[in-house]
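S.K.: Dropping in model.txt, which is compact mmCIF, C-alpha atoms:
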# COMPACT_ATOMS: atom_id res chain seq x y z
CA MET A 12 18.66 13.03 34.65
CA SER A 13 21.79 15.05 35.76
CA ARG A 14 25.08 13.70 34.43
CA GLY A 15 28.06 12.86 36.66
CA LYS A 16 26.12 12.83 39.95
CA HIS A 17 26.26 9.68 42.02
CA ARG A 18 24.91 8.97 45.46
CA ARG A 19 27.75 8.64 48.03
CA PRO A 20 27.38 5.65 50.40
CA ARG A 21 28.19 6.25 54.07
CA THR A 22 31.46 4.51 55.01
CA ASN A 23 33.73 4.32 58.03
CA PRO A 24 36.69 6.64 57.26
CA LEU A 25 39.02 4.36 59.29
CA THR A 26 38.25 1.22 57.33
CA ARG A 27 37.19 2.40 53.88
CA ARG A 28 38.04 5.25 51.52
CA VAL A 29 36.69 6.16 48.14
CA ALA A 30 38.90 7.19 45.22
CA MET A 31 37.29 9.31 42.54
CA ALA A 32 38.58 9.13 38.97
CA GLY A 33 36.72 11.10 36.38
CA THR A 34 36.91 12.60 32.96
CA GLY A 35 35.35 15.94 32.36
CA THR A 36 31.92 16.14 33.94
CA ALA A 37 31.58 12.41 34.74
CA ALA A 38 33.17 10.78 37.79
CA LEU A 39 33.58 7.13 38.69
CA ALA A 40 33.61 6.02 42.36
CA LEU A 41 36.23 3.33 43.00
CA PRO A 42 36.10 1.89 46.59
CA LEU A 43 39.41 0.56 47.98
CA LEU A 44 39.78 -2.32 50.39
CA SER A 45 41.14 -0.25 53.28
CA ALA A 46 43.33 2.69 54.15
CA THR A 47 46.37 0.44 54.67
CA ALA A 48 45.94 -1.22 51.27
CA ALA A 49 45.64 2.04 49.33
CA SER A 50 49.21 1.90 48.06
CA ALA A 51 48.64 -1.54 46.55
CA ALA A 52 45.48 -0.65 44.75
CA GLN A 53 45.58 -0.67 40.96
CA PRO A 54 45.29 2.80 39.36
CA ALA A 55 41.79 3.53 38.13
CA GLN A 56 41.29 3.57 34.40
CA ALA A 57 39.38 6.46 32.92
CA PRO A 58 36.12 5.38 31.29
CA THR A 59 36.07 5.35 27.54
CA ALA A 60 34.11 7.96 25.63
CA ALA A 61 31.40 5.38 24.96
CA GLN A 62 31.13 4.63 28.68
CA ALA A 63 31.22 8.24 29.83
CA ALA A 64 28.70 9.59 27.36
CA PRO A 65 25.08 8.55 27.94
CA GLN A 66 23.50 6.61 25.14
CA SER A 67 21.04 8.72 23.22
CA ALA A 68 18.06 7.11 21.52
CA PRO A 69 18.19 7.34 17.75
CA SER A 70 15.82 9.91 16.41
CA ALA A 71 12.93 8.52 14.41
CA ALA A 72 13.04 9.33 10.72
CA LYS A 73 10.46 11.85 9.70
CA ALA A 74 7.99 10.63 7.12
CA LYS A 75 7.20 12.72 4.07
CA THR A 76 4.09 11.87 2.08
CA ILE A 77 4.85 11.47 -1.61
CA THR A 78 2.74 10.43 -4.60
CA TYR A 79 3.91 7.25 -6.32
CA THR A 80 2.48 6.10 -9.65
CA THR A 81 2.35 2.31 -9.84
CA LYS A 82 4.04 0.37 -12.63
CA LYS A 83 3.61 -3.11 -13.99
CA GLY A 84 4.95 -5.65 -11.51
CA ASP A 85 4.62 -3.37 -8.47
CA SER A 86 3.41 -4.66 -5.12
CA LEU A 87 2.52 -2.82 -1.91
CA TYR A 88 5.29 -4.69 -0.10
CA GLY A 89 7.89 -3.70 -2.71
CA ILE A 90 6.82 -0.04 -2.70
CA ALA A 91 6.87 0.08 1.11
CA GLU A 92 10.37 -1.44 1.16
CA ARG A 93 11.67 0.94 -1.52
CA TYR A 94 10.65 4.03 0.41
CA ASP A 95 10.89 2.53 3.94
CA ALA A 96 7.23 3.51 4.26
CA GLN A 97 6.05 4.32 7.76
CA GLY A 98 3.94 1.41 9.04
CA GLY A 99 5.04 -0.90 6.19
CA TRP A 100 2.81 -2.26 3.44
CA LYS A 101 -0.19 -2.66 5.77
CA GLN A 102 -0.26 1.08 6.53
CA LEU A 103 0.34 1.81 2.84
CA TYR A 104 -2.72 -0.32 1.97
CA LYS A 105 -4.78 1.30 4.73
CA ASP A 106 -3.92 4.78 3.44
CA ASN A 107 -4.81 3.85 -0.16
CA ARG A 108 -7.56 1.24 0.23
CA LYS A 109 -10.13 3.37 -1.59
CA THR A 110 -7.75 3.59 -4.56
CA VAL A 111 -6.40 0.02 -4.49
CA GLY A 112 -9.68 -1.75 -3.75
CA ASP A 113 -10.49 -4.76 -1.58
CA ASN A 114 -7.57 -6.92 -2.77
CA PRO A 115 -4.15 -5.59 -1.66
CA ARG A 116 -2.44 -8.11 -3.95
CA LEU A 117 -4.05 -6.69 -7.08
CA ILE A 118 -2.19 -3.50 -8.02
CA HIS A 119 -3.06 -1.92 -11.36
CA PRO A 120 -0.43 0.09 -13.26
CA GLY A 121 -0.93 3.84 -13.48
CA VAL A 122 -2.56 4.26 -10.05
CA ASP A 123 -1.40 7.12 -7.80
CA LEU A 124 -0.63 6.02 -4.23
CA GLN A 125 0.15 8.23 -1.23
CA VAL A 126 3.30 6.89 0.46
CA ARG A 127 4.57 7.94 3.90
CA ALA A 128 8.20 7.73 2.79
CA THR A 129 11.04 7.98 5.30
CA LYS A 130 13.74 7.72 2.65
CA LYS A 131 14.20 8.44 -1.03
CA ALA A 132 14.28 5.59 -3.50
CA ASP A 133 17.79 4.65 -4.55
CA THR A 134 18.37 6.49 -7.81
CA SER A 135 22.17 6.64 -7.61
CA THR A 136 24.14 5.81 -10.76
CA ARG A 137 27.80 5.43 -11.52
CA THR A 138 29.71 8.39 -12.89
CA ALA A 139 30.53 6.44 -16.03
CA ASP A 140 26.83 6.08 -16.76
CA LYS A 141 26.01 9.79 -16.51
CA ALA A 142 26.82 10.47 -20.15
CA SER A 143 24.16 7.98 -21.26
CA ALA A 144 21.60 9.05 -18.63
CA PRO A 145 19.33 11.05 -21.02
CA ALA A 146 19.10 8.11 -23.40
CA LYS A 147 18.37 5.69 -20.55
CA LYS A 148 15.76 7.99 -19.09
CA SER A 149 14.01 8.23 -22.44
CA ALA A 150 14.09 4.45 -22.88
CA VAL A 151 12.70 3.87 -19.38
CA ALA A 152 9.95 6.44 -19.98
CA GLN A 153 8.94 4.75 -23.22
CA ALA A 154 8.99 1.29 -21.61
CA THR A 155 6.91 2.49 -18.69
CA GLN A 156 4.41 4.21 -20.94
CA SER A 157 4.00 1.12 -23.08
CA SER A 158 3.55 -1.14 -20.04
CA VAL A 159 0.77 0.96 -18.49
CA LYS A 160 -2.61 0.09 -19.94
CA THR A 161 -4.96 2.99 -20.45
CA PHE A 162 -8.55 2.79 -21.63
CA PRO A 163 -10.76 5.52 -23.05
CA ASN A 164 -13.68 6.68 -20.93
CA ASN A 165 -16.39 5.30 -23.21
CA LEU A 166 -18.25 2.04 -23.75
CA ASP A 167 -15.41 0.48 -25.73
CA GLY A 168 -12.87 1.41 -23.06
CA TRP A 169 -15.11 0.20 -20.21
CA ILE A 170 -15.55 -3.21 -21.82
CA ARG A 171 -11.85 -3.63 -22.57
CA ASN A 172 -10.87 -2.49 -19.08
CA ALA A 173 -13.34 -4.95 -17.54
CA LEU A 174 -12.02 -7.76 -19.76
CA ASP A 175 -8.48 -7.00 -18.56
CA ILE A 176 -9.54 -7.25 -14.91
CA MET A 177 -11.65 -10.33 -15.61
CA GLY A 178 -8.62 -12.01 -17.18
CA GLN A 179 -6.61 -11.39 -14.00
CA ASN A 180 -9.38 -13.00 -11.94
CA GLY A 181 -10.14 -15.95 -14.21
CA ILE A 182 -13.63 -14.72 -15.21
CA PRO A 183 -14.69 -15.83 -18.71
CA GLY A 184 -16.35 -13.59 -21.27
CA SER A 185 -15.82 -11.97 -24.66
CA TYR A 186 -16.12 -8.44 -25.97
CA GLU A 187 -19.01 -9.44 -28.21
CA GLY A 188 -20.91 -11.21 -25.41
CA ILE A 189 -20.55 -8.24 -23.06
CA HIS A 190 -21.44 -5.63 -25.69
CA ARG A 191 -24.50 -7.57 -26.86
CA ASN A 192 -25.92 -7.84 -23.34
CA ILE A 193 -25.16 -4.22 -22.50
CA MET A 194 -27.05 -2.95 -25.51
CA ARG A 195 -30.07 -5.05 -24.57
CA GLU A 196 -30.02 -4.13 -20.87
CA SER A 197 -29.10 -0.42 -20.85
CA SER A 198 -28.30 0.74 -24.40
CA GLY A 199 -24.84 1.66 -23.08
CA ASN A 200 -26.01 4.05 -20.33
CA PRO A 201 -23.97 3.42 -17.12
CA GLN A 202 -26.52 5.42 -15.07
CA ALA A 203 -29.51 3.37 -16.23
CA ILE A 204 -31.84 2.19 -13.47
CA ASN A 205 -35.01 0.11 -13.65
CA ASN A 206 -37.67 1.43 -11.27
CA TRP A 207 -40.66 -0.55 -12.53
CA ASP A 208 -39.95 -4.33 -12.58
CA SER A 209 -40.26 -6.93 -9.81
CA ASN A 210 -36.78 -6.18 -8.50
CA ALA A 211 -37.69 -2.52 -8.11
CA ALA A 212 -40.92 -3.48 -6.37
CA ALA A 213 -38.86 -5.53 -3.93
CA GLY A 214 -36.67 -2.49 -3.21
CA THR A 215 -33.63 -3.60 -5.21
CA PRO A 216 -33.81 -1.94 -8.64
CA SER A 217 -31.47 -3.08 -11.39
CA LYS A 218 -28.61 -0.64 -12.04
CA GLY A 219 -25.91 0.19 -14.53
CA LEU A 220 -24.76 -1.11 -17.88
CA LEU A 221 -25.75 -4.73 -17.23
CA GLN A 222 -28.61 -3.98 -14.82
CA VAL A 223 -27.26 -5.60 -11.66
CA ILE A 224 -29.21 -5.44 -8.39
CA ASP A 225 -27.35 -4.46 -5.22
CA PRO A 226 -27.32 -7.94 -3.55
CA THR A 227 -25.86 -9.50 -6.71
CA PHE A 228 -23.28 -6.75 -7.02
CA ALA A 229 -22.24 -7.23 -3.40
CA ALA A 230 -21.95 -11.01 -3.80
CA TYR A 231 -20.02 -10.92 -7.09
CA HIS A 232 -18.04 -7.68 -6.80
CA VAL A 233 -14.59 -8.20 -8.32
CA PRO A 234 -11.56 -7.05 -6.28
CA GLY A 235 -9.68 -4.27 -8.02
CA THR A 236 -12.82 -2.47 -9.15
CA VAL A 237 -14.69 0.36 -7.47
CA TYR A 238 -17.43 -0.72 -5.07
CA ASP A 239 -20.17 1.11 -6.95
CA PRO A 240 -22.78 -0.61 -9.15
CA PHE A 241 -23.00 2.51 -11.32
CA ASP A 242 -19.27 2.39 -12.08
CA PRO A 243 -19.20 0.91 -15.61
CA VAL A 244 -16.13 -1.28 -15.19
CA ALA A 245 -17.23 -2.57 -11.77
CA ASN A 246 -20.73 -3.24 -13.07
CA ILE A 247 -19.50 -5.24 -16.08
CA ALA A 248 -17.03 -7.27 -14.00
CA ALA A 249 -19.60 -8.12 -11.30
CA ALA A 250 -22.26 -9.05 -13.86
CA CYS A 251 -19.83 -11.28 -15.77
CA ASN A 252 -18.71 -12.89 -12.52
CA TYR A 253 -22.35 -13.65 -11.69
CA ALA A 254 -23.07 -14.89 -15.22
CA ALA A 255 -20.01 -17.19 -15.06
CA ALA A 256 -21.25 -18.73 -11.81
CA ARG A 257 -24.79 -19.26 -13.09
CA TYR A 258 -24.49 -19.74 -16.86
CA GLY A 259 -20.81 -20.51 -17.42
CA SER A 260 -20.12 -17.20 -19.15
CA ILE A 261 -21.77 -13.92 -20.10
CA ASP A 262 -21.46 -15.22 -23.67
CA ASN A 263 -24.20 -17.75 -22.86
CA VAL A 264 -26.66 -15.04 -21.82
CA ASN A 265 -29.09 -14.01 -24.57
CA GLY A 266 -31.96 -12.58 -22.56
CA PRO A 267 -32.99 -11.49 -19.06
CA TYR A 268 -30.74 -13.14 -16.52
Would you mind writing the file's structure down as structure tokens?
M.R.:
Amino acid sequence: MSRGKHRRPRTNPLTRRVAMAGTGTAALALPLLSATAASAAQPAQAPTAAQAAPQSAPSAAKAKTITYTTKKGDSLYGIAERYDAQGGWKQLYKDNRKTVGDNPRLIHPGVDLQVRATKKADTSTRTADKASAPAKKSAVAQATQSSVKTFPNNLDGWIRNALDIMGQNGIPGSYEGIHRNIMRESSGNPQAINNWDSNAAAGTPSKGLLQVIDPTFAAYHVPGTVYDPFDPVANIAAACNYAAARYGSIDNVNGPY
């Protein structure tokens, strides 16, 4: 739209005149009562800068995708707020659902999330604190490292990782009970599959460390674990969830279940 252009109404020159008062490129049409009353008319006031200049829409902040490593106590809502994430926590969850899992409220420490950040996190510090910054940074790094649970990629680590997730979801079971049943069912092989029993004949072979069939895995899958029956941690958690519902605990299972 062109600035400062206004449509002129047709008026009778004997009964009505138009006074134009403008600033710069903008002009304001001020109709007077009549030609005889022109001398009594109040002088026109120039429009303020805010009135003369057209309002421009604020430009949308550009989002920059960053990688954020989760820490203990983090939530999707808090992360989205910290970085003013584009689309809020719901978009953040949508972008990272494969990583986070089916439960957006269950955020494990040490997970890398892709965040569409429109601002940097507030990392400003007072000048007086700058001298102690290296010491603080070291202390924060040590605290963060100690708060993030890591598990080795072996049978011991899989069981302990599963127990940690089970504890967060109220699923009973002990290390000994899980280990005992794993050794009987798969000898510790997460890729084990039974292609000869009645389940296999029905088209649903038992899979993984605790030999779970697909329908059972789907029904008892634990949020926060990968949706894959061959994933060792997901397999243990789902099997223990099923065992808890049917037998009270995996610790009560001492044979085929």
S.K.: Centre and edge lengths, as JSON, for the axis-aligned box enclosing every listed atom of stretch 209-218 of chain A with 6 Å of padding on each of the six sides, in Å to one decimal?
M.R.:
{"center_x": -34.8, "center_y": -3.8, "center_z": -7.6, "size_x": 24.3, "size_y": 18.3, "size_z": 20.8}
S.K.: Just the residues within 9 Å of A:Glu187, please, counting only C-alpha atoms, with nothing from its chain fewer than 4 positions along; format it as number ranges by chain.
M.R.: A: 191-192, 262
S.K.: Figure out the distance between atom CA of A:Leu221 and atom CA of A:Ile261, please, to one decimal in Å.
M.R.: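 Pair atom CA of A:Ile261 / atom CA of A:Leu221 returns 10.4 Å.
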S.K.: Mind giving me the straight-line distance from atom CA of A:Gly112 to atom CA of A:Thr236 in Å, one decimal?
M.R.: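 Going from atom CA of A:Gly112 over to atom CA of A:Thr236 covers 6.3 Å.
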S.K.: With distances taken over all atoms listed in the file, which of A:Glu92, A:Glu196, A:Asp242, A:Asp123 is nearest to A:Arg108?
M.R.: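 Looking only at the distances to A:Arg108, the closest residue turns out to be A:Asp123.
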S.K.: Given all atoms listed in the file as the basis, pick out the residue of A:Asn164, A:Ser86, A:Thr76, A:Thr81 nearest to A:Pro120.
M.R.: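 Of A:Asn164, A:Ser86, A:Thr76, A:Thr81, the one nearest A:Pro120, counting all atoms listed in the file, is A:Thr81.
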S.K.: Interatomic distance between atom CA of A:Arg257 and atom CA of A:Gln202?
M.R.: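 Here the two named atoms are 24.8 Å from each other.
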S.K.: Every residue with an atom at most 8 Å from (-26.1, -0.4, -15.1) (file coordinates; only C-alpha atoms) is what I'm after, so could you write them as a VMD selection string?
M.R.: chain A and resid 196 to 197 200 to 204 217 to 223 240 to 243 246
S.K.: Using only C-alpha atoms, which residues sit within 10 Å of A:Gly99 once same-chain residues fewer than 3 positions away are excluded, as a PyMOL selection string?
M.R.: chain A and resi 87-92+94-96+102-104+126-128
